[in-house]
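Student: The following block contains the structure, expressed as structure tokens.
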Amino acid sequence: MKEKQRSTPVELSLFSDEEMSATQHPSRQSPEPVSQTATAEPDGRFDALFSRLAQSEFRSSFYLNAADKAYIARKGWDKIRQGAAETIARRLAPAVISNDGRQTPMRHGVFPPFIAQHATGCCCRSCLLKWHGIPKGRALTAGEQAYLTDVVMEWLRRHV
Ligand SMILES: [Zn+2]
């Protein structure tokens with residue numbers, strides 16, 4: 001019981017001057033800040049990316065048609081997100097991808113995140129390098145996968 005008291009001063013010593021002066025960071029201590037941004041963060045994060053994409057005639061030519069929108073409505077955002085995350089994990093995350101450049105279908109009505117992946121440069125490792133600065137030849141980190149999933153989801157929300 002007495003042990004409880006000890007945790008507070010110990011934590012405080014971890015947050016030294018550095019933490020105090022820098023920002024008012026939240027008090028939660030997360031050892032891995034990487035994947036914390038996975039869900040429902042504000043859109044502003046992607047504004048710079050989306051304005052770059054808007055300057056590409058190819059990237060900005062993608063849209064959702066009625067079949068894609070119906071698909072999203074039928075499945076719901078949670079399922080779509082889950083599917084997008086799995087797609088990224090399976091088709092983009094490995095260090096070596098045998099069909100890289102051809103792993104993301106472009107047809108409408110198949111799976112709307114595919115369209116969003118093309119629109120956002122999340123379709124293959126060459127595009128990840130070009131648009132997101134993520135190098136080829138190594139596996140994507142969990143944080144990168146979460147970020148790419150967020151990008152895809154944000155594009156879908158803006159185009160549905
Ligand atoms: Zn690509």
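Following the order of the structure tokens, chains are lettered A, B, ..., residues in each are numbered from 1, and ligands are numbered from 1.
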What's the 12 Å shell around Ser51 of chain A, counting only C-alpha atoms, without same-chain residues fewer than 6 positions away, as a list of chain:residue names?
Tutor: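 The residues that qualify are A:Gly44, A:Arg45, A:Glu57, A:Arg59, A:Ser60, A:Ala119, A:Thr120, A:Trp131, A:Trp155.
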Student: Name the residues, by chain letter and number, that sit within 12 Å of ligand 1 using only C-alpha atoms and all ligand atoms, and give them as a ChimeraX atom specification.
Tutor: /A:58-59,91-92,99-106,114-132
Student: Please produce a file of the residues just selected, as a PDB file, in the first residue's frame, where the atoms kept are C-alpha atoms.
Tutor:
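result.pdb, written as the output of this step:
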ATOM      1  CA  PHE A  58      -3.075  12.337 -62.716  1.00  0.00           C
ATOM      2  CA  ARG A  59      -3.640  12.214 -58.951  1.00  0.00           C
ATOM      3  CA  ARG A  91       0.255  -5.049 -50.394  1.00  0.00           C
ATOM      4  CA  LEU A  92       2.520  -2.171 -49.403  1.00  0.00           C
ATOM      5  CA  ASN A  99       4.062  -7.232 -58.200  1.00  0.00           C
ATOM      6  CA  ASP A 100       4.968  -3.750 -56.999  1.00  0.00           C
ATOM      7  CA  GLY A 101       3.337  -1.150 -59.225  1.00  0.00           C
ATOM      8  CA  ARG A 102       0.497  -3.485 -60.137  1.00  0.00           C
ATOM      9  CA  GLN A 103      -0.927  -4.369 -56.715  1.00  0.00           C
ATOM     10  CA  THR A 104      -3.610  -1.699 -56.605  1.00  0.00           C
ATOM     11  CA  PRO A 105      -6.569  -2.034 -58.981  1.00  0.00           C
ATOM     12  CA  MET A 106      -7.947   1.133 -60.535  1.00  0.00           C
ATOM     13  CA  PHE A 114      -7.856   1.357 -53.956  1.00  0.00           C
ATOM     14  CA  ILE A 115      -9.031   4.495 -55.723  1.00  0.00           C
ATOM     15  CA  ALA A 116      -7.974   6.599 -52.766  1.00  0.00           C
ATOM     16  CA  GLN A 117      -4.556   4.945 -52.802  1.00  0.00           C
ATOM     17  CA  HIS A 118      -3.998   6.019 -56.404  1.00  0.00           C
ATOM     18  CA  ALA A 119      -5.268   9.495 -55.683  1.00  0.00           C
ATOM     19  CA  THR A 120      -2.921   9.940 -52.734  1.00  0.00           C
ATOM     20  CA  GLY A 121       0.241   8.254 -53.991  1.00  0.00           C
ATOM     21  CA  CYS A 122      -0.281   5.292 -51.676  1.00  0.00           C
ATOM     22  CA  CYS A 123      -0.575   2.712 -54.464  1.00  0.00           C
ATOM     23  CA  CYS A 124       2.923   1.236 -54.688  1.00  0.00           C
ATOM     24  CA  ARG A 125       6.361   1.690 -53.221  1.00  0.00           C
ATOM     25  CA  SER A 126       7.544   3.993 -56.008  1.00  0.00           C
ATOM     26  CA  CYS A 127       4.658   6.319 -55.250  1.00  0.00           C
ATOM     27  CA  LEU A 128       5.257   6.070 -51.510  1.00  0.00           C
ATOM     28  CA  LEU A 129       8.795   7.216 -52.164  1.00  0.00           C
ATOM     29  CA  LYS A 130       7.780  10.037 -54.454  1.00  0.00           C
ATOM     30  CA  TRP A 131       4.827  11.390 -52.485  1.00  0.00           C
ATOM     31  CA  HIS A 132       5.595  10.423 -48.923  1.00  0.00           C
TER      32      HIS A 132
END
Student: List the neighbours of segment 68-78 of chain A out to 7 Å using only C-alpha atoms; skip same-chain residues closer than 2 positions along the sequence, and give me the result as a list in words.
Tutor: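 Residues meeting the cut-off are Leu64, Asn65, Ala66, Ile80, Arg81, Gln82, His108, Gly109, Pro112 and Val160 of chain A.
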Student: In Å to one decimal, how far is atom CA of Ala85 of chain A from atom CA of Glu154 of chain A?
Tutor: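 If I compute the distance from atom CA of Glu154 of chain A to atom CA of Ala85 of chain A, I get 13.0 Å.
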Student: Go ahead and compute the interatomic distance for atom CA of Ile134 of chain A and atom CA of His159 of chain A, in Å to one decimal.
Tutor: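 Going from atom CA of Ile134 of chain A over to atom CA of His159 of chain A covers 25.0 Å.
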Student: Taking the backbone alone, and naming residues the way the document does, which bits of segment 36-109 of chain A are helix (DSSP H, G or I) by DSSP, as a PyMOL selection string?
Tutor: chain A and resi 36-37+43-54+59-61+66-75+77-91
